[in-house]
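Comments concern the structure below.
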Amino acid sequence: MAINVGYFVKESLTSFRRNWVMSLGAVITIYLSLLLVGVSVGGSMIAGQIVKSVEQKVSIRIFLKDGAAPEDVSKLQADLQADPRVKTVKYTSKEEAFEEFKKSYSSSPEMVEQLSVNPFPASLDVETKKPQDVPALAESIKGNQTFLKVCDRPDDPARSIRYGKEWVNRLFSFTRILRLVGVLFIIMLAVISLIFINNTIRLAIYARRKEIGIMRLVGASNWFIRMPFLLEGLLQSLVGALLALASLATFQIVAMPRIQEAVPFLPLSLPSGASLQIALVLIIGGAIIGLTGSAFALRRYLKV
Amino acid sequence: MISMRNVSKTYVADKPALSDVNVEIGQGEFVFLVGHSGSGKSTFIKLLLREILPTTGQIIVAGQDLVRMKSWKVPYLRRNIGCVFQDFKLLPNKTAYENVAFALEVIGRSKHVIRTQVPEVLRLVGLEDKMHSYPDELSGGEQQRVSIARAFVNRPPLLLADEPTGNLDPATSLGIMSLLSRINKTGTTVLVATHDREMVDSLRRRVIALENGRIIRDQDRGVYGDGD
C-alpha cells in the first residue's frame with residue numbers, strides 16, 4: 001500500500017499540473033460557489049441576528065383602566081407571570097407613561113403643554129420567551145377574567161391589548177421566506193459546482209483514456225483507476241474552499257467594521273462560533289462536492 | 001482453460017454476433033481463431049475478457065464463471081489474461097521498459113518485482129538493447145514485441161492476441177508468431193484471432209473458424225480454409 005499512496009498522490013498532482021487550465025477553471029468555480037455559499041450562510045446568520053433582535057422587541061402591551069383595583073392588577077400580573085411562555089411582566093403607571101411621552105416629545109414642548117390632564121392609561125408590558133408565542137398568548141389573555149375586570153375598555157376588551165398582530169405575522173413570514181431562499185440558493189450553487197467538477201474530471205479522463213484503457217486491460221482494480229481522479233477532484237475543491245475562506249476572512253476583518261460604522265443601529269455581528277461553523281461548512285461541503293462530482297464523472301465515463 | 005457452452009451474443013435483434021458457440025480449449029493449447037471481419041472474432045475475444053456479457057450461455061475462463069462473476073472481480077480475472085492487439089496499445093510518452101513496468105505498477109507489484117521481471121521479459125522478446133527507447137523510435141514489429149512483453153510479464157496462464165500481425169509485414173509477422181509459439185511452450189495457453197492465411201497454414205495448429213457468428217470448423221493441425 002505504501003507504494004500506492006505515493007503513486008496516487010503523484011498521479012493526481014501530475015494531472016493537476018498537466019491540465020492546469022481546466023483544473024484552474026474548476027478551482028475558480030468552486031471558489032466562487034463556496035464564496036457565495038459562505039456569504040449566504042454568513043449573511044443569513046447576520047440577518048438571523050437582526051431578525052432575532054427585532055423579534056425580541058415584539059411584546060404585548062395591556063392597557064389598564066384608570067382606577068383599576070391594585071390587587072386585581074397584581075393578580076393579573078401574577079397570572080401572566082405563571083404562564084410558562086412569559087419571560088417578564090413590567091408595570092407602567094399612568095404617571096410613568098406620561099413621563100415617557102414627555103421625554104420622547106421633549107423637542108416639541110408645546111404639544112406636551114397642551115395636555116392639561118394625563119390621557120395615558122397605565123399598562124402591563126409582557127415579554128415572551130419566544131416571539132412566536134406572542135399572538136397565541138395575546139388571545140389567551142383576552143379570555144382572562146381579571147383582565148376583563150381591569151382592562152381599559154371593558155366594552156371592547158380586544159382593543160385594550162396591543163401587540164402589532166399584522167406586523168408580527170408579516171415579519172415571521174418574511175424571515176421564513178428569507179431562510180428558504182437562502183437554502184435554495186445554496187443548493188443551486190452546490191449543483192453548479194458539481195457540474196463543473198464533473199466536467200473537469202471528465203476531461204481529465206478523456207485526456208488519459210489510453211492509459212485508462214491499458215490499466216483496465218492489465219487488470220488494475222477499479223479503485224486503483226478511480227483514486228487519482230477522486231483525489232484530483234478533492235484537491236481542486238479543497239483549494240477552492242481555502243481560497244473562499246481566505247476571502248471571507250479578509251472581508252470580515254477589513255470590510256465589516258466599516259459597514260457596521262455606516263449602519264450602527266443594526267447588530268451586524270456573527271453569533272459566537274459562527275466563523276468556525278462557516279469554515280467547517282465550506283471545507284466539508286467542498287470535499288463532498290469534489291468527491292461526488294468526480295464520482296459521477298467516473299461512473300459515467302469510466303464504466304469500470 | 002476456456003469453456004464456452006451454447007454461447008450467443010446479440011447486439012441488435014435478429015442479427016446475432018455469435019450464436020450457439022461451443023468451444024473447449026485446454027491448458028497449454030495454441031489455437032487460431034479465423035474468420036472474416038464481422039464473423040464474430042472480436043465478440044469472441046471481448047466475451048473472454050468479460051468486456052461484454054453473453055446474451056445466453058455459459059463461459060468459464062481459468063476456472064471462473066464469467067457470467068456470474070461480480071464486476072469488481074473482473075480486474076482480477078484480467079490479471080490472468082495477457083492481451084495483445086493489432087494497434088499495440090503502447091503509451092507514447094513511456095519507454096519500452098516503462099510501458100512494461102506500468103502493467104505491473106498498476107496491479108500493485110513492488111518495485112523489487114518490477115526491477116527484476118521487466119528486464120527479464122524484455123530479454124525474452126529480444127528487446128534488451130532497446131529497453132529505453134520510446135515507441136516512436138521502434139519499428140512495428142518491435143512495438144508489438146513490447147506489447148507482448150507487457151502481456152506476458154505477469155506470467156498469465158492465458159494469452160489472447162487479436163490480429164497481432166495485422167499491421168506487420170510477413171517477415172516480421174513470422175517473428176511475432178514464433179515468439180507466441182515460444183510463449184506457448186512455457187505452458188501458457190495462446191489464442192490468436194487472425195485472418196493471416198499464410199501464418200495459419202504454415203504453423204499447422206488447431207484452427208477454429210467462425211462465419212456469421214457460428215463455428216463452421218474446428219480442427220487440429222488445421223489450415224485457414226478452402227472457400228476463399
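Residue numbers start at 1 in each chain; chains themselves are named A, B, ... in the order of the C-alpha cells; ligands are numbered from 1 in the order shown.
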
Chain A residues near chain B within 12 Å, closest pair each, using only C-alpha atoms, as a tab-separated table:
```
residue	atom	partner	partner_atom	distance
A:Met1	CA	B:Gly108	CA	7.8
A:Ala2	CA	B:Ser110	CA	9.7
A:Ile3	CA	B:Ser110	CA	7.5
A:Asn4	CA	B:Gly108	CA	6.9
A:Val5	CA	B:Gly108	CA	10.7
A:Gly6	CA	B:Gly108	CA	11.6
A:Tyr7	CA	B:Glu105	CA	8.9
A:Phe8	CA	B:Val106	CA	10.4
A:Glu11	CA	B:Val106	CA	11.6
A:Arg208	CA	B:Leu91	CA	10.1
A:Arg209	CA	B:Leu91	CA	10.7
A:Lys210	CA	B:Leu91	CA	7.3
A:Glu211	CA	B:Leu91	CA	6.8
A:Ile212	CA	B:Val106	CA	10.2
A:Gly213	CA	B:Lys89	CA	8.7
A:Ile214	CA	B:Lys89	CA	7.2
A:Met215	CA	B:Val106	CA	6.6
A:Arg216	CA	B:Pro75	CA	6.8
A:Leu217	CA	B:Arg78	CA	6.6
A:Val218	CA	B:Arg79	CA	5.8
A:Gly219	CA	B:Pro75	CA	4.1
A:Ala220	CA	B:Ile107	CA	4.9
A:Ser221	CA	B:Pro75	CA	5.3
A:Asn222	CA	B:Trp72	CA	7.0
A:Trp223	CA	B:Trp72	CA	9.3
A:Phe224	CA	B:Val106	CA	7.2
A:Ile225	CA	B:Val106	CA	8.2
A:Arg226	CA	B:Val106	CA	11.7
A:Met227	CA	B:Val106	CA	11.6
A:Pro228	CA	B:Val106	CA	11.9
A:Lys303	CA	B:Glu51	CA	10.4
A:Val304	CA	B:Ser71	CA	8.2
```

Let's have the selection written as a CSV table (one decimal), in the first residue's frame, with N, CA, C and O atoms.
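Output contents, as saved in again_24.csv:
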```
chain,number,residue,atom,x,y,z
A,1,MET,N,0.8,-1.2,0.0
A,1,MET,CA,0.0,0.0,0.0
A,1,MET,C,0.8,1.3,0.0
A,1,MET,O,0.5,2.3,-0.5
A,2,ALA,N,2.0,1.1,0.6
A,2,ALA,CA,2.9,2.3,0.7
A,2,ALA,C,3.2,2.9,-0.6
A,2,ALA,O,3.2,4.1,-0.8
A,3,ILE,N,3.5,2.0,-1.6
A,3,ILE,CA,3.8,2.4,-2.9
A,3,ILE,C,2.6,3.1,-3.5
A,3,ILE,O,2.7,4.1,-4.2
A,4,ASN,N,1.4,2.5,-3.3
A,4,ASN,CA,0.2,3.0,-3.9
A,4,ASN,C,-0.1,4.5,-3.5
A,4,ASN,O,-0.4,5.3,-4.3
A,5,VAL,N,0.0,4.8,-2.2
A,5,VAL,CA,-0.3,6.1,-1.7
A,5,VAL,C,0.6,7.1,-2.5
A,5,VAL,O,0.1,8.1,-3.0
A,6,GLY,N,1.9,6.8,-2.6
A,6,GLY,CA,2.8,7.6,-3.3
A,6,GLY,C,2.4,7.8,-4.8
A,6,GLY,O,2.3,8.9,-5.3
A,7,TYR,N,2.0,6.6,-5.4
A,7,TYR,CA,1.5,6.6,-6.8
A,7,TYR,C,0.3,7.6,-6.9
A,7,TYR,O,0.3,8.4,-7.9
A,8,PHE,N,-0.7,7.4,-6.0
A,8,PHE,CA,-1.9,8.2,-6.2
A,8,PHE,C,-1.6,9.7,-6.1
A,8,PHE,O,-2.1,10.5,-6.9
A,11,GLU,N,0.2,10.9,-9.1
A,11,GLU,CA,-0.7,10.9,-10.3
A,11,GLU,C,-1.6,12.1,-10.3
A,11,GLU,O,-1.8,12.8,-11.3
A,208,ARG,N,-6.7,11.0,-20.6
A,208,ARG,CA,-5.9,9.9,-20.2
A,208,ARG,C,-6.6,8.6,-20.6
A,208,ARG,O,-6.4,7.5,-20.0
A,209,ARG,N,-7.5,8.6,-21.6
A,209,ARG,CA,-8.3,7.4,-21.9
A,209,ARG,C,-7.5,6.2,-22.3
A,209,ARG,O,-7.8,5.1,-22.0
A,210,LYS,N,-6.3,6.5,-23.0
A,210,LYS,CA,-5.5,5.4,-23.5
A,210,LYS,C,-4.9,4.7,-22.3
A,210,LYS,O,-4.9,3.5,-22.2
A,211,GLU,N,-4.3,5.5,-21.4
A,211,GLU,CA,-3.7,5.0,-20.1
A,211,GLU,C,-4.8,4.1,-19.4
A,211,GLU,O,-4.5,3.0,-18.9
A,212,ILE,N,-6.0,4.7,-19.3
A,212,ILE,CA,-7.0,4.0,-18.5
A,212,ILE,C,-7.4,2.7,-19.2
A,212,ILE,O,-7.5,1.7,-18.5
A,213,GLY,N,-7.5,2.8,-20.5
A,213,GLY,CA,-7.8,1.5,-21.3
A,213,GLY,C,-6.8,0.4,-21.0
A,213,GLY,O,-7.1,-0.7,-20.7
A,214,ILE,N,-5.5,0.8,-21.0
A,214,ILE,CA,-4.4,-0.2,-20.7
A,214,ILE,C,-4.5,-0.6,-19.2
A,214,ILE,O,-4.3,-1.8,-19.0
A,215,MET,N,-4.8,0.3,-18.3
A,215,MET,CA,-4.9,-0.1,-16.9
A,215,MET,C,-6.0,-1.2,-16.8
A,215,MET,O,-5.8,-2.2,-16.1
A,216,ARG,N,-7.1,-0.9,-17.5
A,216,ARG,CA,-8.2,-1.9,-17.4
A,216,ARG,C,-7.8,-3.2,-18.0
A,216,ARG,O,-8.1,-4.3,-17.5
A,217,LEU,N,-7.1,-3.1,-19.1
A,217,LEU,CA,-6.7,-4.3,-19.8
A,217,LEU,C,-5.8,-5.2,-18.9
A,217,LEU,O,-5.9,-6.4,-18.9
A,218,VAL,N,-4.8,-4.6,-18.2
A,218,VAL,CA,-3.9,-5.4,-17.5
A,218,VAL,C,-4.4,-5.7,-16.1
A,218,VAL,O,-3.7,-6.4,-15.3
A,219,GLY,N,-5.6,-5.3,-15.8
A,219,GLY,CA,-6.3,-5.7,-14.5
A,219,GLY,C,-6.0,-4.8,-13.3
A,219,GLY,O,-6.0,-5.3,-12.2
A,220,ALA,N,-5.8,-3.5,-13.6
A,220,ALA,CA,-5.8,-2.6,-12.4
A,220,ALA,C,-7.2,-2.6,-11.8
A,220,ALA,O,-8.2,-2.6,-12.5
A,221,SER,N,-7.2,-2.6,-10.5
A,221,SER,CA,-8.5,-2.7,-9.8
A,221,SER,C,-9.2,-1.3,-10.0
A,221,SER,O,-8.6,-0.3,-10.3
A,222,ASN,N,-10.6,-1.4,-10.0
A,222,ASN,CA,-11.4,-0.2,-10.2
A,222,ASN,C,-11.0,0.9,-9.3
A,222,ASN,O,-10.9,2.1,-9.7
A,223,TRP,N,-10.7,0.6,-8.0
A,223,TRP,CA,-10.4,1.7,-7.1
A,223,TRP,C,-9.0,2.3,-7.5
A,223,TRP,O,-8.8,3.5,-7.3
A,224,PHE,N,-8.1,1.5,-8.0
A,224,PHE,CA,-6.8,2.0,-8.3
A,224,PHE,C,-7.0,3.0,-9.5
A,224,PHE,O,-6.3,4.0,-9.5
A,225,ILE,N,-7.9,2.7,-10.4
A,225,ILE,CA,-8.0,3.6,-11.5
A,225,ILE,C,-8.8,4.9,-11.1
A,225,ILE,O,-8.4,6.0,-11.5
A,226,ARG,N,-9.7,4.7,-10.2
A,226,ARG,CA,-10.5,5.9,-9.8
A,226,ARG,C,-9.8,6.8,-8.9
A,226,ARG,O,-10.0,8.0,-8.9
A,227,MET,N,-8.9,6.3,-8.0
A,227,MET,CA,-8.3,7.0,-6.9
A,227,MET,C,-7.7,8.4,-7.3
A,227,MET,O,-8.0,9.4,-6.7
A,228,PRO,N,-6.8,8.4,-8.4
A,228,PRO,CA,-6.2,9.6,-8.8
A,228,PRO,C,-7.2,10.7,-9.1
A,228,PRO,O,-7.1,11.9,-8.8
A,303,LYS,N,-16.9,3.6,-16.6
A,303,LYS,CA,-17.6,2.3,-16.7
A,303,LYS,C,-16.7,1.2,-16.2
A,303,LYS,O,-16.6,0.1,-16.8
A,304,VAL,N,-16.1,1.3,-15.1
A,304,VAL,CA,-15.2,0.3,-14.6
A,304,VAL,C,-16.0,-0.8,-13.9
A,304,VAL,O,-17.1,-0.5,-13.5
```

Legend entry - Contact residues around Ser42 of chain B with only C-alpha atoms at 8 Å, ignoring same-chain residues under 3 positions, as a ChimeraX atom specification: /B:45-46,162

Inset, instruction - May I have all residues of segment 12-198 of chain B that DSSP, computed from the backbone, assigns to alpha helix (DSSP H), given as a ChimeraX atom specification? - result: /B:41-48,74-78,96-105,111-124,140-152,170-185,197-198

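Straight-line separation from atom CA of Tyr11 of chain B to atom CA of Thr165 of chain B: 27.7 Å.
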
Legend entry - Members of segment 73-217 of chain A assigned strand (DSSP E or B) by DSSP, as a list of chain:residue names: A:Val86, A:Lys87, A:Thr88, A:Val89, A:Lys90, A:Tyr91, A:Thr92, A:Ala122, A:Ser123, A:Leu124, A:Asp125, A:Val126, A:Glu127, A:Thr128, A:Cys151, A:Ile161, A:Arg162

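In this model, the gap between atom CA of Ile187 of chain A and atom CA of Val54 of chain A comes to 28.0 Å.
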
Legend entry - Selection: 7 Å around segment 93-108 of chain A, only C-alpha atoms, excl. self and same-chain fewer than 4 positions, as a list in words: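 Residues meeting the cut-off are Val112, Asn118, Phe120, Pro121, Ala122 and Ser123 of chain A.
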
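Compared by their closest atoms to Glu24 of chain B, and using only C-alpha atoms, the residues B:Ser39, B:Asn6, B:Ser173, B:Gln117 rank with B:Asn6 nearest.
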
Nearby residues (only C-alpha atoms) at most 9 Å from Ile208 of chain B, same-chain spacing under 6 positions excluded, as a PDB file with C-alpha atoms, in the first residue's frame:
```pdb
ATOM      1  CA  VAL B  23     -15.731 -24.406 -27.500  1.00  0.00           C
ATOM      2  CA  VAL B  31      -5.372 -22.054 -31.107  1.00  0.00           C
ATOM      3  CA  PHE B  32      -6.081 -19.896 -34.161  1.00  0.00           C
ATOM      4  CA  LEU B  33      -9.444 -18.223 -34.374  1.00  0.00           C
ATOM      5  CA  VAL B  34     -10.089 -17.356 -38.023  1.00  0.00           C
ATOM      6  CA  GLY B  35     -12.829 -15.673 -39.994  1.00  0.00           C
ATOM      7  CA  ILE B 215     -18.329 -22.158 -35.644  1.00  0.00           C
ATOM      8  CA  ILE B 216     -18.104 -23.780 -39.040  1.00  0.00           C
ATOM      9  CA  ARG B 217     -14.914 -25.726 -38.426  1.00  0.00           C
ATOM     10  CA  ASP B 218     -12.758 -26.812 -35.501  1.00  0.00           C
ATOM     11  CA  GLN B 219      -9.805 -28.975 -36.415  1.00  0.00           C
ATOM     12  CA  ASP B 220      -6.413 -29.869 -35.024  1.00  0.00           C
ATOM     13  CA  GLY B 222      -5.738 -27.178 -39.477  1.00  0.00           C
TER      14      GLY B 222
END
```

Legend entry - Pairwise distance for atom CA of Leu231 of chain A and atom CA of Leu276 of chain A, rounded to one decimal in Å: 24.9 Å

Legend entry - Non-local contacts of Leu235 of chain A (10 Å; only C-alpha atoms; under 5 positions in same chain excluded) as a ChimeraX atom specification: /A:12-13,16,23,27,229-230,240-241,286-287,290-291

Legend entry - Nearest candidate to Leu47 of chain B (options B:Leu160, B:Val223, B:Ala13, B:Val125; using only C-alpha atoms):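 Going through B:Leu160, B:Val223, B:Ala13, B:Val125 one by one, the smallest distance to Leu47 of chain B is for B:Leu160.
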